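Participant: File query.txt follows (compact mmCIF, N, CA and C atoms):
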# COMPACT_ATOMS: atom_id res chain seq x y z
N MET A 97 115.48 110.76 91.88
CA MET A 97 116.12 110.15 93.03
C MET A 97 115.13 110.16 94.20
N GLN A 98 115.01 109.02 94.86
CA GLN A 98 114.13 108.88 96.00
C GLN A 98 114.96 108.82 97.28
N LYS A 99 114.37 109.26 98.36
CA LYS A 99 115.06 109.25 99.66
C LYS A 99 114.16 108.60 100.70
N PHE A 100 114.79 108.00 101.69
CA PHE A 100 114.06 107.48 102.85
C PHE A 100 114.99 107.55 104.04
N LYS A 101 114.41 107.48 105.24
CA LYS A 101 115.20 107.56 106.48
C LYS A 101 115.13 106.25 107.22
N ASP A 102 116.23 105.91 107.88
CA ASP A 102 116.26 104.70 108.68
C ASP A 102 115.85 105.02 110.12
N SER A 103 115.98 104.02 110.99
CA SER A 103 115.53 104.19 112.37
C SER A 103 116.36 105.20 113.15
N LYS A 104 117.54 105.54 112.64
CA LYS A 104 118.39 106.55 113.31
C LYS A 104 118.33 107.88 112.58
N ASN A 105 117.31 108.04 111.73
CA ASN A 105 117.04 109.27 111.00
C ASN A 105 118.12 109.63 109.97
N ARG A 106 118.92 108.64 109.56
CA ARG A 106 119.87 108.87 108.48
C ARG A 106 119.10 108.82 107.17
N GLU A 107 119.43 109.72 106.26
CA GLU A 107 118.73 109.78 104.98
C GLU A 107 119.49 108.98 103.93
N TRP A 108 118.80 108.03 103.32
CA TRP A 108 119.36 107.19 102.27
C TRP A 108 118.81 107.66 100.94
N MET A 109 119.66 107.65 99.90
CA MET A 109 119.24 108.07 98.57
C MET A 109 119.23 106.86 97.64
N LEU A 110 118.21 106.77 96.85
CA LEU A 110 118.06 105.67 95.91
C LEU A 110 117.86 106.25 94.52
N SER A 111 118.76 105.90 93.62
CA SER A 111 118.69 106.39 92.25
C SER A 111 118.86 105.21 91.32
N LEU A 112 117.89 104.99 90.44
CA LEU A 112 117.92 103.85 89.55
C LEU A 112 118.28 104.28 88.14
N THR A 113 119.30 103.64 87.61
CA THR A 113 119.70 103.82 86.21
C THR A 113 119.88 102.42 85.64
N ILE A 114 120.11 102.33 84.36
CA ILE A 114 120.31 101.01 83.74
C ILE A 114 121.48 100.28 84.42
N GLY A 115 122.59 100.98 84.60
CA GLY A 115 123.74 100.36 85.25
C GLY A 115 123.45 99.96 86.68
N ARG A 116 122.76 100.81 87.39
CA ARG A 116 122.45 100.50 88.79
C ARG A 116 121.39 99.43 88.91
N ALA A 117 120.52 99.33 87.94
CA ALA A 117 119.52 98.27 87.96
C ALA A 117 120.20 96.91 87.95
N ARG A 118 121.37 96.85 87.32
CA ARG A 118 122.14 95.60 87.27
C ARG A 118 122.97 95.39 88.53
N ALA A 119 123.14 96.43 89.31
CA ALA A 119 124.04 96.34 90.47
C ALA A 119 123.47 97.06 91.68
N VAL A 120 122.28 96.70 92.09
CA VAL A 120 121.65 97.35 93.25
C VAL A 120 122.50 97.17 94.50
N LYS A 121 123.10 96.01 94.65
CA LYS A 121 123.93 95.75 95.82
C LYS A 121 125.07 96.77 95.92
N GLU A 122 125.71 97.05 94.79
CA GLU A 122 126.81 98.01 94.80
C GLU A 122 126.30 99.41 95.13
N GLN A 123 125.11 99.76 94.62
CA GLN A 123 124.52 101.08 94.91
C GLN A 123 124.32 101.22 96.43
N LEU A 124 123.78 100.15 97.05
CA LEU A 124 123.60 100.21 98.51
C LEU A 124 124.95 100.34 99.19
N ALA A 125 125.97 99.66 98.65
CA ALA A 125 127.30 99.76 99.23
C ALA A 125 127.80 101.20 99.17
N ASP A 126 127.54 101.88 98.05
CA ASP A 126 127.91 103.29 97.94
C ASP A 126 127.24 104.13 99.03
N GLU A 127 126.00 103.82 99.32
CA GLU A 127 125.28 104.57 100.35
C GLU A 127 125.87 104.31 101.73
N PHE A 128 126.30 103.08 102.01
CA PHE A 128 126.93 102.79 103.29
C PHE A 128 128.20 103.61 103.45
N VAL A 129 128.98 103.70 102.37
CA VAL A 129 130.22 104.50 102.39
C VAL A 129 129.88 105.97 102.59
N ARG A 130 128.89 106.47 101.82
CA ARG A 130 128.51 107.88 101.91
C ARG A 130 128.08 108.26 103.32
N LEU A 131 127.34 107.35 103.96
CA LEU A 131 126.85 107.63 105.31
C LEU A 131 127.87 107.28 106.39
N GLY A 132 128.97 106.64 106.00
CA GLY A 132 130.01 106.29 106.96
C GLY A 132 129.56 105.27 107.99
N VAL A 133 128.81 104.27 107.54
CA VAL A 133 128.31 103.26 108.46
C VAL A 133 128.74 101.87 108.00
N ASP A 134 128.81 100.96 108.95
CA ASP A 134 129.14 99.57 108.67
C ASP A 134 127.87 98.86 108.21
N ALA A 135 127.90 98.29 107.01
CA ALA A 135 126.72 97.66 106.42
C ALA A 135 126.14 96.57 107.32
N LYS A 136 126.98 95.73 107.85
CA LYS A 136 126.49 94.63 108.70
C LYS A 136 125.80 95.17 109.95
N ALA A 137 126.41 96.15 110.58
CA ALA A 137 125.82 96.72 111.80
C ALA A 137 124.48 97.37 111.50
N VAL A 138 124.40 98.11 110.40
CA VAL A 138 123.14 98.78 110.05
C VAL A 138 122.05 97.74 109.81
N LEU A 139 122.36 96.73 109.02
CA LEU A 139 121.35 95.73 108.70
C LEU A 139 120.93 94.92 109.91
N GLU A 140 121.86 94.65 110.82
CA GLU A 140 121.53 93.85 112.00
C GLU A 140 120.89 94.67 113.11
N GLN A 141 121.23 95.96 113.22
CA GLN A 141 120.78 96.74 114.37
C GLN A 141 119.78 97.84 114.02
N ASP A 142 119.92 98.47 112.87
CA ASP A 142 119.14 99.67 112.58
C ASP A 142 118.06 99.49 111.53
N TRP A 143 118.14 98.45 110.73
CA TRP A 143 117.22 98.30 109.61
C TRP A 143 115.96 97.60 110.11
N ASP A 144 115.06 98.38 110.68
CA ASP A 144 113.84 97.83 111.28
C ASP A 144 112.70 97.78 110.27
N GLY A 145 111.52 97.43 110.74
CA GLY A 145 110.36 97.32 109.87
C GLY A 145 109.99 98.63 109.20
N VAL A 146 110.04 99.72 109.94
CA VAL A 146 109.70 101.03 109.37
C VAL A 146 110.69 101.39 108.27
N THR A 147 111.98 101.14 108.51
CA THR A 147 113.00 101.43 107.50
C THR A 147 112.77 100.58 106.26
N THR A 148 112.43 99.32 106.45
CA THR A 148 112.17 98.44 105.32
C THR A 148 111.00 98.97 104.49
N ARG A 149 109.94 99.41 105.17
CA ARG A 149 108.79 99.96 104.44
C ARG A 149 109.18 101.22 103.67
N ARG A 150 109.94 102.09 104.30
CA ARG A 150 110.38 103.32 103.62
C ARG A 150 111.26 102.99 102.41
N ALA A 151 112.16 102.03 102.56
CA ALA A 151 113.03 101.64 101.45
C ALA A 151 112.21 101.03 100.31
N TYR A 152 111.24 100.22 100.65
CA TYR A 152 110.36 99.59 99.66
C TYR A 152 109.57 100.66 98.90
N ASP A 153 108.99 101.60 99.62
CA ASP A 153 108.24 102.67 98.98
C ASP A 153 109.14 103.51 98.08
N ALA A 154 110.36 103.80 98.56
CA ALA A 154 111.31 104.59 97.76
C ALA A 154 111.71 103.83 96.50
N LEU A 155 111.93 102.52 96.62
CA LEU A 155 112.31 101.72 95.47
C LEU A 155 111.21 101.73 94.42
N LEU A 156 109.96 101.53 94.84
CA LEU A 156 108.88 101.51 93.87
C LEU A 156 108.66 102.89 93.25
N ALA A 157 108.82 103.96 94.03
CA ALA A 157 108.70 105.31 93.48
C ALA A 157 109.82 105.56 92.47
N GLU A 158 111.01 105.12 92.79
CA GLU A 158 112.15 105.30 91.88
C GLU A 158 111.97 104.47 90.61
N LEU A 159 111.45 103.26 90.76
CA LEU A 159 111.19 102.41 89.60
C LEU A 159 110.13 103.05 88.69
N THR A 160 109.10 103.62 89.30
CA THR A 160 108.08 104.33 88.52
C THR A 160 108.71 105.49 87.77
N SER A 161 109.52 106.27 88.46
CA SER A 161 110.20 107.41 87.85
C SER A 161 111.14 106.95 86.73
N PHE A 162 111.82 105.84 86.95
CA PHE A 162 112.73 105.26 85.96
C PHE A 162 111.98 104.98 84.66
N PHE A 163 110.82 104.32 84.76
CA PHE A 163 110.05 103.98 83.57
C PHE A 163 109.47 105.23 82.91
N GLU A 164 108.96 106.16 83.71
CA GLU A 164 108.41 107.39 83.16
C GLU A 164 109.47 108.17 82.39
N GLY A 165 110.66 108.24 82.93
CA GLY A 165 111.75 108.97 82.29
C GLY A 165 112.16 108.38 80.96
N ARG A 166 111.85 107.13 80.75
CA ARG A 166 112.20 106.48 79.50
C ARG A 166 111.00 106.37 78.56
N GLY A 167 109.91 107.04 78.94
CA GLY A 167 108.72 107.02 78.10
C GLY A 167 107.95 105.71 78.16
N GLN A 168 108.22 104.91 79.16
CA GLN A 168 107.52 103.63 79.32
C GLN A 168 106.43 103.78 80.36
N ASN A 169 105.44 104.61 80.01
CA ASN A 169 104.39 104.95 80.97
C ASN A 169 103.56 103.75 81.40
N ALA A 170 103.33 102.81 80.49
CA ALA A 170 102.55 101.63 80.87
C ALA A 170 103.24 100.85 81.99
N ARG A 171 104.55 100.73 81.90
CA ARG A 171 105.29 100.02 82.96
C ARG A 171 105.25 100.81 84.26
N ALA A 172 105.34 102.13 84.16
CA ALA A 172 105.25 102.96 85.35
C ALA A 172 103.89 102.79 86.02
N VAL A 173 102.84 102.74 85.21
CA VAL A 173 101.48 102.56 85.76
C VAL A 173 101.37 101.19 86.43
N ILE A 174 101.95 100.16 85.82
CA ILE A 174 101.90 98.82 86.42
C ILE A 174 102.56 98.83 87.80
N VAL A 175 103.72 99.45 87.91
CA VAL A 175 104.42 99.50 89.20
C VAL A 175 103.59 100.27 90.22
N ARG A 176 103.09 101.44 89.81
CA ARG A 176 102.31 102.28 90.72
C ARG A 176 101.02 101.57 91.17
N LYS A 177 100.31 100.96 90.21
CA LYS A 177 99.04 100.28 90.55
C LYS A 177 99.30 99.05 91.42
N THR A 178 100.39 98.34 91.17
CA THR A 178 100.73 97.20 92.01
C THR A 178 101.01 97.65 93.43
N HIS A 179 101.74 98.75 93.56
CA HIS A 179 102.03 99.30 94.89
C HIS A 179 100.73 99.69 95.60
N GLU A 180 99.83 100.36 94.87
CA GLU A 180 98.55 100.76 95.46
C GLU A 180 97.72 99.53 95.86
N ALA A 181 97.70 98.52 95.00
CA ALA A 181 96.92 97.31 95.28
C ALA A 181 97.46 96.59 96.52
N LEU A 182 98.79 96.49 96.63
CA LEU A 182 99.38 95.84 97.80
C LEU A 182 99.07 96.61 99.08
N ALA A 183 99.14 97.93 99.01
CA ALA A 183 98.84 98.75 100.18
C ALA A 183 97.38 98.56 100.60
N GLU A 184 96.48 98.54 99.63
CA GLU A 184 95.06 98.35 99.94
C GLU A 184 94.80 96.96 100.51
N ALA A 185 95.44 95.95 99.93
CA ALA A 185 95.28 94.59 100.43
C ALA A 185 95.75 94.48 101.88
N LEU A 186 96.86 95.13 102.20
CA LEU A 186 97.35 95.11 103.59
C LEU A 186 96.38 95.80 104.53
N LEU A 187 95.76 96.89 104.08
CA LEU A 187 94.76 97.56 104.91
C LEU A 187 93.56 96.65 105.18
N ILE A 188 93.08 96.00 104.14
CA ILE A 188 91.91 95.12 104.29
C ILE A 188 92.23 93.95 105.21
N VAL A 189 93.37 93.31 104.99
CA VAL A 189 93.76 92.18 105.85
C VAL A 189 93.93 92.66 107.29
N GLY A 190 94.53 93.82 107.46
CA GLY A 190 94.69 94.37 108.81
C GLY A 190 93.36 94.64 109.49
N GLU A 191 92.42 95.19 108.75
CA GLU A 191 91.08 95.45 109.31
C GLU A 191 90.41 94.15 109.72
N ARG A 192 90.51 93.14 108.88
CA ARG A 192 89.90 91.85 109.21
C ARG A 192 90.57 91.21 110.42
N ALA A 193 91.89 91.29 110.47
CA ALA A 193 92.61 90.72 111.62
C ALA A 193 92.25 91.46 112.90
N GLU A 194 92.12 92.77 112.80
CA GLU A 194 91.76 93.58 113.97
C GLU A 194 90.37 93.22 114.49
N ALA A 195 89.48 92.84 113.60
CA ALA A 195 88.11 92.52 113.98
C ALA A 195 87.98 91.13 114.60
N LEU A 196 89.01 90.31 114.48
CA LEU A 196 88.94 88.95 115.03
C LEU A 196 88.93 88.95 116.55
N ASP A 197 88.16 88.03 117.09
CA ASP A 197 88.16 87.78 118.53
C ASP A 197 88.44 86.29 118.70
N PRO A 198 89.72 85.91 118.78
CA PRO A 198 90.08 84.48 118.80
C PRO A 198 89.37 83.69 119.89
N ALA A 199 89.26 84.24 121.08
CA ALA A 199 88.61 83.51 122.18
C ALA A 199 87.14 83.24 121.84
N ALA A 200 86.45 84.23 121.28
CA ALA A 200 85.05 84.04 120.90
C ALA A 200 84.92 82.99 119.80
N GLU A 201 85.83 82.97 118.86
CA GLU A 201 85.80 81.97 117.78
C GLU A 201 86.00 80.57 118.33
N VAL A 202 86.92 80.41 119.26
CA VAL A 202 87.16 79.10 119.86
C VAL A 202 85.92 78.64 120.63
N ARG A 203 85.32 79.55 121.39
CA ARG A 203 84.09 79.20 122.14
C ARG A 203 82.97 78.81 121.20
N LYS A 204 82.79 79.56 120.10
CA LYS A 204 81.74 79.28 119.14
C LYS A 204 81.95 77.93 118.47
N THR A 205 83.18 77.61 118.10
CA THR A 205 83.48 76.34 117.47
C THR A 205 83.25 75.18 118.44
N ALA A 206 83.70 75.35 119.67
CA ALA A 206 83.51 74.30 120.67
C ALA A 206 82.03 74.07 120.96
N ALA A 207 81.27 75.14 121.05
CA ALA A 207 79.83 75.02 121.30
C ALA A 207 79.14 74.32 120.13
N ALA A 208 79.52 74.65 118.91
CA ALA A 208 78.91 74.03 117.74
C ALA A 208 79.22 72.54 117.69
N GLN A 209 80.42 72.16 118.06
CA GLN A 209 80.79 70.74 118.05
C GLN A 209 80.02 69.97 119.12
N LEU A 210 79.85 70.57 120.28
CA LEU A 210 79.09 69.91 121.35
C LEU A 210 77.62 69.77 120.99
N THR A 211 77.07 70.78 120.34
CA THR A 211 75.66 70.75 119.93
C THR A 211 75.44 69.73 118.83
N ALA A 212 76.35 69.63 117.88
CA ALA A 212 76.20 68.74 116.74
C ALA A 212 76.31 67.27 117.14
N SER A 213 77.15 66.93 118.09
CA SER A 213 77.31 65.53 118.50
C SER A 213 77.54 65.46 119.99
N PRO A 214 76.46 65.61 120.78
CA PRO A 214 76.62 65.63 122.25
C PRO A 214 77.11 64.32 122.84
N SER A 215 76.81 63.20 122.19
CA SER A 215 77.27 61.92 122.76
C SER A 215 78.00 61.13 121.66
N VAL A 216 79.27 61.34 121.59
CA VAL A 216 80.10 60.64 120.61
C VAL A 216 80.66 59.40 121.27
N PRO A 217 80.47 58.24 120.64
CA PRO A 217 81.02 57.02 121.25
C PRO A 217 82.54 57.04 121.24
N PRO A 218 83.17 56.32 122.15
CA PRO A 218 84.63 56.30 122.18
C PRO A 218 85.18 55.66 120.91
N PRO A 219 86.38 56.03 120.52
CA PRO A 219 86.98 55.46 119.31
C PRO A 219 87.21 53.96 119.46
N ALA A 220 87.12 53.27 118.32
CA ALA A 220 87.31 51.82 118.33
C ALA A 220 88.54 51.45 117.50
N ASN A 221 89.08 50.28 117.78
CA ASN A 221 90.18 49.72 116.99
C ASN A 221 91.40 50.62 116.93
N GLY A 222 91.72 51.34 117.97
CA GLY A 222 92.93 52.13 118.02
C GLY A 222 92.85 53.48 117.33
N ILE A 223 91.72 53.82 116.74
CA ILE A 223 91.57 55.12 116.10
C ILE A 223 91.32 56.14 117.22
N THR A 224 92.11 57.20 117.26
CA THR A 224 91.99 58.17 118.35
C THR A 224 91.26 59.44 117.96
N SER A 225 91.08 59.70 116.69
CA SER A 225 90.34 60.88 116.30
C SER A 225 89.81 60.71 114.89
N GLY A 226 88.71 61.36 114.62
CA GLY A 226 88.14 61.34 113.28
C GLY A 226 87.43 60.05 112.97
N ALA A 227 86.86 59.98 111.79
CA ALA A 227 86.13 58.79 111.36
C ALA A 227 87.09 57.74 110.85
N GLN A 228 86.66 56.51 110.96
CA GLN A 228 87.44 55.38 110.45
C GLN A 228 87.56 55.55 108.94
N PRO A 229 88.75 55.38 108.36
CA PRO A 229 88.89 55.53 106.90
C PRO A 229 88.11 54.45 106.17
N ASP A 230 87.58 54.81 105.02
CA ASP A 230 86.87 53.88 104.16
C ASP A 230 87.87 52.85 103.66
N ALA A 231 87.49 51.60 103.64
CA ALA A 231 88.40 50.52 103.23
C ALA A 231 88.89 50.72 101.81
N SER A 232 88.03 51.23 100.92
CA SER A 232 88.47 51.42 99.53
C SER A 232 89.55 52.49 99.44
N ALA A 233 89.57 53.44 100.33
CA ALA A 233 90.61 54.46 100.31
C ALA A 233 91.96 53.85 100.69
N LEU A 234 91.94 52.83 101.53
CA LEU A 234 93.19 52.17 101.91
C LEU A 234 93.74 51.31 100.78
N ILE A 235 92.83 50.73 100.00
CA ILE A 235 93.24 49.86 98.90
C ILE A 235 93.73 50.69 97.71
N ASN A 236 93.00 51.77 97.38
CA ASN A 236 93.32 52.59 96.21
C ASN A 236 93.28 54.07 96.64
N PRO A 237 94.35 54.60 97.25
CA PRO A 237 94.33 55.94 97.81
C PRO A 237 94.18 57.06 96.78
N SER A 238 94.37 56.80 95.49
CA SER A 238 94.27 57.87 94.49
C SER A 238 92.84 58.19 94.13
N THR A 239 91.87 57.42 94.54
CA THR A 239 90.47 57.70 94.21
C THR A 239 89.76 58.35 95.33
Please, can you express the file's structure as structure tokens?
Facilitator:
Amino acid sequence: MQKFKDSKNREWMLSLTIGRARAVKEQLADEFVRLGVDAKAVLEQDWDGVTTRRAYDALLAELTSFFEGRGQNARAVIVRKTHEALAEALLIVGERAEALDPAAEVRKTAAAQLTASPSVPPPANGITSGAQPDASALINPST
């Protein structure tokens, strides 16, 4: 059985069995009753990002435990490795996003465009941006 806490520090329990695997919604309903809370209110007001992450981690840990308990170690490894890979991917993407300097990128792109074509003639024939399409593309767009 896995546990996680919501934003109001209530402890939720997650236990996966064959029957519950078919009825996760009902299992969550049991937890709402056990905690004495209104499901709609909790989901609309208290179920924040941190709670979602904790519930996700608990679910994957419980799923791993579920497979291990049934001697299906390969499936448990797949769940665990997938969880690890997703966590690592989020770290890498976060690091890359953190390193971005949007203003510097815009300045660099604008400077490169000005350097590449300092004197661009005004558009002709009603075309307002980009190059005039090739006539053959208009006749046969699939090529």
Participant: So, counting all atoms listed in the file, which residue among A:Glu107, A:Glu191, A:Asp102, A:Glu164 is closest to Leu131 of chain A?
Facilitator: A:Glu107
Participant: Show me, as a compact mmCIF listing (two decimals) with N, CA and C atoms, in the coordinates of the input, the residues that have an atom within 6.5 Å of Phe100 of chain A when counting all atoms listed in the file, minus same-chain residues fewer than 3 positions from it.
Facilitator:
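For reference, around.txt as written:
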# COMPACT_ATOMS: atom_id res chain seq x y z
N ARG A 106 118.92 108.64 109.56
CA ARG A 106 119.87 108.87 108.48
C ARG A 106 119.10 108.82 107.17
N GLU A 107 119.43 109.72 106.26
CA GLU A 107 118.73 109.78 104.98
C GLU A 107 119.49 108.98 103.93
N TRP A 108 118.80 108.03 103.32
CA TRP A 108 119.36 107.19 102.27
C TRP A 108 118.81 107.66 100.94
N MET A 109 119.66 107.65 99.90
CA MET A 109 119.24 108.07 98.57
C MET A 109 119.23 106.86 97.64
N LEU A 110 118.21 106.77 96.85
CA LEU A 110 118.06 105.67 95.91
C LEU A 110 117.86 106.25 94.52
N ARG A 150 109.94 102.09 104.30
CA ARG A 150 110.38 103.32 103.62
C ARG A 150 111.26 102.99 102.41
N ALA A 151 112.16 102.03 102.56
CA ALA A 151 113.03 101.64 101.45
C ALA A 151 112.21 101.03 100.31
N ALA A 154 110.36 103.80 98.56
CA ALA A 154 111.31 104.59 97.76
C ALA A 154 111.71 103.83 96.50
Participant: Work out how far apart atom CA of Ala125 of chain A and atom C of Ser111 of chain A are and give it in Å to one decimal.
Facilitator: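 Atom CA of Ala125 of chain A sits 12.8 Å away from atom C of Ser111 of chain A.
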Participant: Just to confirm, what's the straight-line distance from atom N of Ser161 of chain A to atom C of Ile174 of chain A in Å (one decimal)?
Facilitator: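 Distance between the two atoms: 10.2 Å.
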Participant: Rank nothing, just name the residue among A:Arg176, A:Asp144, A:Lys101, A:Arg171 nearest to Leu156 of chain A, using only N, CA and C atoms.
Facilitator: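 Nearest to Leu156 of chain A: A:Arg176.
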Participant: Let me have the centre and edge lengths of the axis-aligned box enclosing all listed atoms of segment 125-141 of chain A with 5 Å padding on every side, in Å to one decimal, as lines of an AutoDock Vina configuration file.
Facilitator:
center_x = 125.0
center_y = 101.1
center_z = 106.2
size_x = 20.4
size_y = 24.4
size_z = 26.4
Participant: Work out how far apart atom CA of Glu201 of chain A and atom C of Leu187 of chain A are and give it in Å to one decimal.
Facilitator: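 Straight-line distance from atom CA of Glu201 of chain A to atom C of Leu187 of chain A works out to 20.8 Å.
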Participant: Identify the residues within 5 Å of coordinate (112.9, 105.5, 88.8) (same frame as the file), considering all atoms listed in the file, and give the answer as a PDB file with N, CA and C atoms, in the frame of the given file.
Facilitator:
ATOM      1  N   ALA A 157     108.820 103.960  94.030  1.00  0.00           N
ATOM      2  CA  ALA A 157     108.700 105.310  93.480  1.00  0.00           C
ATOM      3  C   ALA A 157     109.820 105.560  92.470  1.00  0.00           C
ATOM      4  N   GLU A 158     111.010 105.120  92.790  1.00  0.00           N
ATOM      5  CA  GLU A 158     112.150 105.300  91.880  1.00  0.00           C
ATOM      6  C   GLU A 158     111.970 104.470  90.610  1.00  0.00           C
ATOM      7  N   LEU A 159     111.450 103.260  90.760  1.00  0.00           N
ATOM      8  CA  LEU A 159     111.190 102.410  89.600  1.00  0.00           C
ATOM      9  C   LEU A 159     110.130 103.050  88.690  1.00  0.00           C
ATOM     10  N   THR A 160     109.100 103.620  89.300  1.00  0.00           N
ATOM     11  CA  THR A 160     108.080 104.330  88.520  1.00  0.00           C
ATOM     12  C   THR A 160     108.710 105.490  87.770  1.00  0.00           C
ATOM     13  N   SER A 161     109.520 106.270  88.460  1.00  0.00           N
ATOM     14  CA  SER A 161     110.200 107.410  87.850  1.00  0.00           C
ATOM     15  C   SER A 161     111.140 106.950  86.730  1.00  0.00           C
ATOM     16  N   PHE A 162     111.820 105.840  86.950  1.00  0.00           N
ATOM     17  CA  PHE A 162     112.730 105.260  85.960  1.00  0.00           C
ATOM     18  C   PHE A 162     111.980 104.980  84.660  1.00  0.00           C
ATOM     19  N   PHE A 163     110.820 104.320  84.760  1.00  0.00           N
ATOM     20  CA  PHE A 163     110.050 103.980  83.570  1.00  0.00           C
ATOM     21  C   PHE A 163     109.470 105.230  82.910  1.00  0.00           C
TER      22      PHE A 163
END
Participant: Can you list, as a VMD selection string, every residue of segment 103-226 of chain A that DSSP puts in alpha helix (DSSP H)?
Facilitator: chain A and resid 114 to 118 120 to 131 135 to 137 145 to 165 169 to 195 198 to 212
Participant: Have a look at A:Asp153, A:Met97, A:Trp143, A:Ala181 and name the one nearest to Leu112 of chain A; count only N, CA and C atoms.
Facilitator: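 Closest to Leu112 of chain A of all the choices is A:Met97.
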